[in-house]
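Undergrad: My structure is stored as coords-v1.txt, with compact mmCIF, C-alpha atoms.
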# COMPACT_ATOMS: atom_id res chain seq x y z
CA MET V 542 16.10 -27.01 -4.11
CA ARG V 543 15.34 -27.06 -0.38
CA HIS V 544 13.19 -24.20 0.86
CA ALA V 545 12.51 -22.57 4.21
CA VAL V 546 9.68 -20.02 4.44
CA LEU V 547 9.89 -17.43 7.20
CA GLY V 548 6.34 -16.17 7.59
CA ALA V 549 3.28 -18.35 7.06
CA GLY V 550 0.82 -15.65 6.00
CA GLY V 551 -0.87 -15.39 2.62
CA VAL V 552 2.26 -15.10 0.49
CA GLY V 553 4.41 -17.48 2.52
CA GLY V 554 1.67 -20.08 2.72
CA LEU V 555 0.96 -19.84 -1.00
CA PHE V 556 4.64 -20.28 -1.92
CA ALA V 557 5.17 -23.11 0.57
CA GLY V 558 2.09 -24.94 -0.64
CA ALA V 559 2.84 -24.52 -4.35
CA LEU V 560 6.47 -25.65 -4.00
CA ALA V 561 5.63 -28.58 -1.72
CA ARG V 562 2.95 -29.77 -4.13
CA LYS V 563 5.66 -30.06 -6.81
CA GLY V 564 7.71 -32.30 -4.52
CA HIS V 565 10.22 -29.78 -3.18
CA GLU V 566 11.44 -30.04 0.40
CA VAL V 567 9.82 -27.13 2.27
CA VAL V 568 9.77 -26.17 5.94
CA LEU V 569 7.74 -23.35 7.49
CA LEU V 570 9.32 -21.25 10.25
CA MET V 571 6.72 -20.09 12.79
CA ARG V 572 6.51 -18.45 16.16
CA PRO V 573 5.64 -20.96 18.91
CA GLU V 574 2.06 -19.72 19.28
CA SER V 575 1.45 -20.07 15.54
CA LEU V 576 3.17 -23.45 15.45
CA ALA V 577 0.86 -24.76 18.18
CA ALA V 578 -2.20 -23.99 16.03
CA TYR V 579 -0.75 -25.18 12.71
CA PRO V 580 -2.37 -28.44 11.48
CA GLY V 581 0.70 -29.67 9.57
CA ARG V 582 -0.93 -29.14 6.19
CA ILE V 583 -1.52 -26.18 3.93
CA SER V 584 -4.88 -25.85 2.23
CA VAL V 585 -4.96 -23.50 -0.76
CA ARG V 586 -7.96 -22.11 -2.62
CA SER V 587 -6.55 -20.41 -5.68
CA GLU V 588 -8.03 -19.03 -8.86
CA ALA V 589 -4.69 -19.49 -10.58
CA LEU V 590 -3.37 -22.74 -9.08
CA GLY V 591 -6.61 -24.55 -8.25
CA ASP V 592 -7.60 -25.95 -4.86
CA PHE V 593 -5.27 -28.37 -3.09
CA GLU V 594 -3.89 -29.56 0.24
CA VAL V 595 -0.33 -30.62 0.93
CA GLU V 596 1.68 -31.60 3.99
CA VAL V 597 4.33 -29.06 4.93
CA PRO V 598 6.37 -29.48 8.14
CA ALA V 599 6.98 -26.53 10.43
CA GLU V 600 9.38 -25.64 13.21
CA ALA V 601 10.08 -22.74 15.53
CA ARG V 602 13.73 -22.38 14.47
CA LEU V 603 15.55 -23.45 11.33
CA SER V 604 17.39 -26.66 12.14
CA ARG V 605 18.51 -27.94 8.76
CA PRO V 606 20.47 -26.70 5.73
CA VAL V 607 18.39 -25.19 2.92
CA ASP V 608 19.08 -23.69 -0.48
CA VAL V 609 16.57 -20.84 -0.23
CA LEU V 610 15.23 -18.84 2.69
CA TRP V 611 12.06 -16.97 1.73
CA VAL V 612 11.30 -13.99 3.98
CA THR V 613 7.58 -13.21 3.76
CA VAL V 614 6.71 -11.67 7.13
CA LYS V 615 5.11 -8.26 7.50
CA SER V 616 7.72 -5.49 7.52
CA GLN V 617 7.13 -4.62 11.18
CA GLN V 618 7.64 -8.28 12.12
CA LEU V 619 11.04 -8.65 10.47
CA GLU V 620 13.31 -7.98 13.43
CA PRO V 621 11.88 -10.60 15.83
CA ALA V 622 11.42 -13.07 12.97
CA LEU V 623 15.15 -13.15 12.21
CA ALA V 624 15.72 -15.16 15.38
CA LEU V 625 13.90 -18.08 13.70
CA ALA V 626 16.53 -18.28 10.94
CA PRO V 627 20.02 -17.92 12.49
CA PRO V 628 22.71 -16.95 9.96
CA GLU V 629 24.92 -19.86 10.98
CA VAL V 630 22.15 -22.30 9.98
CA VAL V 631 21.05 -20.40 6.87
CA GLY V 632 24.66 -20.64 5.67
CA ASP V 633 25.09 -19.87 1.97
CA ALA V 634 21.41 -20.21 1.07
CA LEU V 635 19.83 -17.57 -1.12
CA VAL V 636 17.80 -15.20 1.07
CA VAL V 637 14.80 -13.90 -0.89
CA PRO V 638 12.69 -11.23 0.81
CA LEU V 639 9.21 -10.47 -0.56
CA LEU V 640 8.48 -7.70 1.92
CA ASN V 641 6.87 -4.37 1.18
CA GLY V 642 9.08 -1.30 1.17
CA ILE V 643 12.77 -0.61 0.61
CA ASP V 644 14.82 -0.59 3.79
CA HIS V 645 14.48 -4.28 4.71
CA VAL V 646 17.15 -5.23 2.14
CA ALA V 647 19.93 -3.46 4.05
CA ARG V 648 18.80 -5.06 7.31
CA LEU V 649 18.83 -8.54 5.78
CA ARG V 650 22.26 -8.01 4.26
CA ALA V 651 23.53 -6.99 7.66
CA ALA V 652 22.35 -10.38 8.94
CA TYR V 653 23.03 -12.69 5.98
CA GLY V 654 25.57 -10.92 3.80
CA ASP V 655 25.60 -10.68 0.02
CA ARG V 656 23.36 -13.72 -0.57
CA VAL V 657 20.22 -11.57 -0.33
CA VAL V 658 18.23 -11.51 -3.58
CA PRO V 659 15.59 -8.75 -3.39
CA GLY V 660 12.21 -9.74 -4.76
CA ALA V 661 8.93 -8.01 -5.54
CA ILE V 662 5.69 -9.92 -5.79
CA ARG V 663 2.36 -8.95 -7.32
CA VAL V 664 -0.36 -11.05 -5.76
CA GLU V 665 -3.43 -10.95 -3.56
CA ALA V 666 -3.25 -13.79 -1.05
CA GLU V 667 -4.55 -14.08 2.49
CA ARG V 668 -4.29 -16.51 5.38
CA VAL V 669 -7.84 -17.04 6.62
CA GLY V 670 -6.98 -19.62 9.29
CA PRO V 671 -4.08 -21.83 10.42
CA GLY V 672 -2.69 -23.37 7.24
CA GLN V 673 -5.58 -22.00 5.15
CA ILE V 674 -4.68 -19.76 2.20
CA VAL V 675 -7.04 -17.95 -0.17
CA HIS V 676 -5.58 -16.66 -3.43
CA PRO V 677 -8.37 -14.82 -5.28
CA SER V 678 -6.23 -13.02 -7.87
CA PRO V 679 -5.57 -14.69 -11.24
CA PHE V 680 -1.84 -13.98 -10.93
CA ALA V 681 1.16 -14.47 -8.66
CA SER V 682 4.15 -12.87 -10.34
CA THR V 683 7.58 -12.26 -8.82
CA ASP V 684 10.57 -10.25 -10.01
CA LEU V 685 13.97 -11.24 -8.59
CA ALA V 686 16.99 -8.93 -8.68
CA PRO V 687 20.19 -10.84 -7.88
CA ALA V 688 23.68 -9.52 -8.03
CA PRO V 689 25.42 -10.94 -11.13
CA ALA V 690 27.30 -13.52 -9.03
CA LEU V 691 23.98 -15.01 -7.90
CA ALA V 692 22.24 -14.91 -11.27
CA ALA V 693 22.71 -18.60 -12.16
CA ARG V 694 21.33 -19.84 -8.84
CA THR V 695 18.46 -17.39 -9.09
CA GLU V 696 17.61 -18.60 -12.61
CA GLN V 697 17.36 -22.13 -11.22
CA LEU V 698 15.08 -20.88 -8.47
CA ALA V 699 12.88 -19.03 -10.97
CA ALA V 700 12.56 -22.19 -13.05
CA GLU V 701 11.29 -24.10 -10.01
CA MET V 702 8.82 -21.33 -9.23
CA ILE V 703 7.46 -21.33 -12.76
CA ALA V 704 7.07 -25.11 -12.69
CA ALA V 705 5.06 -24.70 -9.48
CA GLY V 706 2.72 -22.19 -11.13
CA LEU V 707 4.35 -19.09 -9.68
CA ALA V 708 5.41 -16.73 -12.49
CA ALA V 709 8.92 -15.39 -12.04
CA SER V 710 11.40 -13.15 -13.83
CA VAL V 711 15.09 -12.62 -13.10
CA LEU V 712 16.21 -9.01 -13.54
CA ALA V 713 19.89 -9.23 -12.63
CA GLY V 714 21.51 -5.99 -11.57
CA ARG V 715 18.21 -4.05 -11.49
CA GLU V 716 17.57 -4.03 -7.76
CA ALA V 717 16.39 -0.42 -7.51
CA GLU V 718 13.92 -0.87 -10.35
CA VAL V 719 12.48 -4.04 -8.82
CA LEU V 720 11.99 -2.53 -5.35
CA TRP V 721 10.79 0.90 -6.42
CA GLY V 722 8.74 -0.53 -9.27
CA LYS V 723 6.67 -2.49 -6.79
CA LEU V 724 6.29 0.56 -4.57
CA ALA V 725 5.08 2.69 -7.50
CA MET V 726 2.03 0.42 -7.74
CA LEU V 727 1.67 -0.72 -4.15
CA CYS V 728 1.98 2.62 -2.36
CA PRO V 729 -0.83 4.46 -4.20
CA MET V 730 -3.10 1.41 -4.24
CA ALA V 731 -2.59 0.57 -0.55
CA LEU V 732 -3.04 4.17 0.59
CA ALA V 733 -6.03 4.91 -1.62
CA THR V 734 -7.98 1.72 -0.90
CA SER V 735 -7.25 2.00 2.82
CA SER V 736 -8.22 5.67 2.95
CA ARG V 737 -11.70 4.76 1.66
CA GLN V 738 -11.87 1.20 3.03
CA GLN V 739 -13.00 -0.04 -0.38
CA PRO V 740 -11.57 -2.22 -3.15
CA ILE V 741 -9.73 -0.53 -6.00
CA GLY V 742 -12.80 -0.25 -8.26
CA PRO V 743 -14.98 1.90 -5.97
CA THR V 744 -11.88 3.73 -4.77
CA ARG V 745 -10.89 5.00 -8.20
CA ALA V 746 -14.54 5.81 -9.01
CA ASP V 747 -14.17 8.70 -6.56
CA GLN V 748 -12.55 11.45 -8.63
CA GLU V 749 -10.61 13.11 -5.79
CA THR V 750 -9.17 9.83 -4.52
CA ARG V 751 -8.34 8.68 -8.03
CA GLU V 752 -6.40 11.88 -8.71
CA LEU V 753 -4.53 11.56 -5.42
CA MET V 754 -3.73 7.91 -6.17
CA LEU V 755 -2.30 8.69 -9.61
CA ALA V 756 -0.35 11.67 -8.26
CA CYS V 757 1.07 9.45 -5.52
CA SER V 758 2.34 7.00 -8.13
CA ARG V 759 4.07 9.83 -10.01
CA GLU V 760 5.67 10.95 -6.76
CA VAL V 761 7.05 7.47 -6.10
CA CYS V 762 8.56 7.42 -9.60
CA ALA V 763 10.17 10.82 -9.01
CA VAL V 764 11.72 9.72 -5.74
CA ALA V 765 12.80 6.41 -7.28
CA ALA V 766 14.80 8.27 -9.92
CA THR V 767 17.08 9.63 -7.19
CA GLU V 768 18.09 6.03 -6.43
CA GLY V 769 18.76 5.05 -10.02
CA ALA V 770 15.37 3.50 -10.81
CA GLN V 771 14.04 4.88 -14.09
CA LEU V 772 10.32 4.14 -13.96
CA ASP V 773 7.66 5.14 -16.48
CA PRO V 774 4.83 6.87 -14.56
CA GLU V 775 2.34 6.15 -17.33
CA ARG V 776 2.87 2.42 -16.95
CA TYR V 777 1.92 2.52 -13.29
CA SER V 778 -1.03 4.84 -13.86
CA ALA V 779 -2.34 2.37 -16.43
CA GLY V 780 -1.85 -0.49 -13.97
CA LEU V 781 -3.79 1.31 -11.25
CA LEU V 782 -6.63 2.18 -13.61
CA GLY V 783 -6.76 -1.34 -15.04
CA ALA V 784 -6.50 -3.37 -11.82
CA PRO V 785 -9.44 -5.75 -11.23
CA GLU V 786 -12.43 -3.95 -9.68
CA GLY V 787 -12.57 -6.12 -6.57
CA MET V 788 -8.86 -6.12 -5.76
CA ARG V 789 -8.03 -5.19 -2.16
CA SER V 790 -4.69 -4.23 -0.69
CA SER V 791 -3.19 -6.02 2.29
CA MET V 792 -3.08 -2.71 4.15
CA GLN V 793 -6.82 -2.30 3.66
CA LYS V 794 -7.41 -5.78 5.01
CA ASP V 795 -5.15 -5.11 8.00
CA LEU V 796 -6.97 -1.86 8.72
CA ALA V 797 -10.38 -3.56 8.59
CA ALA V 798 -9.16 -6.28 10.96
CA GLY V 799 -7.56 -3.85 13.42
CA ARG V 800 -4.06 -5.19 12.77
CA PRO V 801 -0.88 -3.04 12.73
CA LEU V 802 -0.32 -1.27 9.41
CA GLU V 803 2.79 -1.17 7.22
CA LEU V 804 2.23 2.54 6.63
CA ASP V 805 5.72 3.60 7.71
CA PHE V 806 7.31 0.98 5.45
CA ILE V 807 5.19 1.69 2.35
CA ALA V 808 4.60 5.46 2.45
CA GLY V 809 7.55 6.23 4.73
CA PRO V 810 10.41 5.79 2.21
CA VAL V 811 8.62 7.98 -0.35
CA ILE V 812 7.90 10.80 2.09
CA SER V 813 11.23 10.78 3.93
CA ARG V 814 13.43 10.49 0.83
CA GLY V 815 11.33 13.08 -0.96
CA ARG V 816 11.82 15.49 1.93
CA GLU V 817 15.58 14.82 2.05
CA ARG V 818 16.01 15.31 -1.70
CA GLY V 819 13.70 18.24 -2.29
CA ILE V 820 10.99 16.28 -4.13
CA PRO V 821 7.44 17.28 -3.11
CA THR V 822 5.15 14.37 -2.21
CA PRO V 823 1.87 16.10 -1.24
CA ALA V 824 -0.43 13.36 -2.56
CA THR V 825 1.42 10.64 -0.66
CA VAL V 826 1.39 12.74 2.51
CA GLU V 827 -2.34 13.42 2.18
CA LEU V 828 -3.30 9.80 1.53
CA ALA V 829 -1.12 8.64 4.44
CA ARG V 830 -2.87 11.20 6.67
CA ARG V 831 -6.27 9.83 5.62
CA VAL V 832 -5.18 6.28 6.40
CA ARG V 833 -4.00 7.34 9.86
CA ASP V 834 -7.35 9.04 10.43
CA GLN V 835 -9.12 5.80 9.48
CA ALA V 836 -6.92 3.82 11.86
CA ALA V 837 -7.73 6.23 14.68
CA VAL V 838 -11.50 5.74 14.37
Represent the supplied structure as structure tokens.

TA:
Amino acid sequence: MRHAVLGAGGVGGLFAGALARKGHEVVLLMRPESLAAYPGRISVRSEALGDFEVEVPAEARLSRPVDVLWVTVKSQQLEPALALAPPEVVGDALVVPLLNGIDHVARLRAAYGDRVVPGAIRVEAERVGPGQIVHPSPFASTDLAPAPALAARTEQLAAEMIAAGLAASVLAGREAEVLWGKLAMLCPMALATSSRQQPIGPTRADQETRELMLACSREVCAVAATEGAQLDPERYSAGLLGAPEGMRSSMQKDLAAGRPLELDFIAGPVISRGRERGIPTPATVELARRVRDQAAV
């Protein structure tokens, strides 16, 4: 399959590098200022995939037909990024977003139609320089939730991902569970680690923060149920308590670097939908407040 990757950060760079190393045609889509600094190669340091370098071409606007468009930009960057992948060029390619949050799926369908296949990835990956990707976590696992009509093409895509070292599962017809399932882990971890500016281990060692983090996960599950996602809160509590001690969230890294935060996209859907549907979310609200206080320092 031919791949275009919109967003050359940690996740996009990791996927582009892994797929290109297996011989797939891959093109990165970058803003002009990023393109000017890009060396034409991706260098990956990965606990799971090993260390490697591979040539990956890049351009400022998609100019060729592809089979898959990966959307891996930060949530707040989505709107301007869409100009790099015009619908008339994307054509009937699968559009696979790996963004944080919920609401990006509707926006992408407005642009690209019913070819959008929502995805949720569990990984820690970071771009540390132009074309330089560090992947310290021992996993990179993606769930894909196609509509039934897209299931066969998505299975082919998952097979290519697995061959490239990127674990993948196809959960056809389970879109709400895929999106909200990621948020049930991501939201409490991102808010808690960012509120203390520490990795998950020291964060959960603080009893008050640990209790808020676990309560936040339960709140996400409660809100998710109103959208048809039946999630087991105990599963996500166990995941939060068992995550590797040194694991850091991307929000925590963004906060430390003074970059814009995805707070409205990660905590926002939980708080706003909870308010609309009469589901209290006090732990999520409190952790989000603490993150905002940290950002204001």

Undergrad: Name the closest residue to Ala709 (chain V) among the candidates V:Pro743, V:Gly660, V:Ala725, V:Gly672; distances are taken between atoms, counting all atoms listed in the file.

TA: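 Looking only at the distances to Ala709 (chain V), the closest residue turns out to be V:Gly660.
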
Undergrad: For Ser735 (chain V), find every residue with an atom within 6 Å (counting all atoms listed in the file), except residues of its own chain fewer than 4 positions away, and show them as a VMD selection string.

TA: chain V and resid 731 793 832

Undergrad: Need to verify the contact set: Ala559 (chain V), 9 Å, all atoms listed in the file, exclusion of same-chain residues closer than 6 positions in sequence. Can you return it as a ChimeraX atom specification?

TA: /V:585,590,595,702,705-707

Undergrad: Between V:Gly553, V:Glu594, V:Pro671, V:Leu828, which residue has the minimum interatomic distance to Leu576 (chain V), considering all atoms listed in the file?

TA: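 Under the stated criterion, the closest residue is V:Pro671.
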
Undergrad: Counting only C-alpha atoms, write as an NGL selection string all protein and nucleic acid residues lying at most 10 Å from (21.7, -15.4, 3.0) in the file's frame.

TA: :V and (608-611 or 626-637 or 649-658)

Undergrad: Selection from above, C-alpha atoms, as a PDB file, keeping the file's coordinate frame, can you write it?

TA:
ATOM      1  CA  ASP V 608      19.080 -23.690  -0.480  1.00  0.00           C
ATOM      2  CA  VAL V 609      16.570 -20.840  -0.230  1.00  0.00           C
ATOM      3  CA  LEU V 610      15.230 -18.840   2.690  1.00  0.00           C
ATOM      4  CA  TRP V 611      12.060 -16.970   1.730  1.00  0.00           C
ATOM      5  CA  ALA V 626      16.530 -18.280  10.940  1.00  0.00           C
ATOM      6  CA  PRO V 627      20.020 -17.920  12.490  1.00  0.00           C
ATOM      7  CA  PRO V 628      22.710 -16.950   9.960  1.00  0.00           C
ATOM      8  CA  GLU V 629      24.920 -19.860  10.980  1.00  0.00           C
ATOM      9  CA  VAL V 630      22.150 -22.300   9.980  1.00  0.00           C
ATOM     10  CA  VAL V 631      21.050 -20.400   6.870  1.00  0.00           C
ATOM     11  CA  GLY V 632      24.660 -20.640   5.670  1.00  0.00           C
ATOM     12  CA  ASP V 633      25.090 -19.870   1.970  1.00  0.00           C
ATOM     13  CA  ALA V 634      21.410 -20.210   1.070  1.00  0.00           C
ATOM     14  CA  LEU V 635      19.830 -17.570  -1.120  1.00  0.00           C
ATOM     15  CA  VAL V 636      17.800 -15.200   1.070  1.00  0.00           C
ATOM     16  CA  VAL V 637      14.800 -13.900  -0.890  1.00  0.00           C
ATOM     17  CA  LEU V 649      18.830  -8.540   5.780  1.00  0.00           C
ATOM     18  CA  ARG V 650      22.260  -8.010   4.260  1.00  0.00           C
ATOM     19  CA  ALA V 651      23.530  -6.990   7.660  1.00  0.00           C
ATOM     20  CA  ALA V 652      22.350 -10.380   8.940  1.00  0.00           C
ATOM     21  CA  TYR V 653      23.030 -12.690   5.980  1.00  0.00           C
ATOM     22  CA  GLY V 654      25.570 -10.920   3.800  1.00  0.00           C
ATOM     23  CA  ASP V 655      25.600 -10.680   0.020  1.00  0.00           C
ATOM     24  CA  ARG V 656      23.360 -13.720  -0.570  1.00  0.00           C
ATOM     25  CA  VAL V 657      20.220 -11.570  -0.330  1.00  0.00           C
ATOM     26  CA  VAL V 658      18.230 -11.510  -3.580  1.00  0.00           C
TER      27      VAL V 658
END
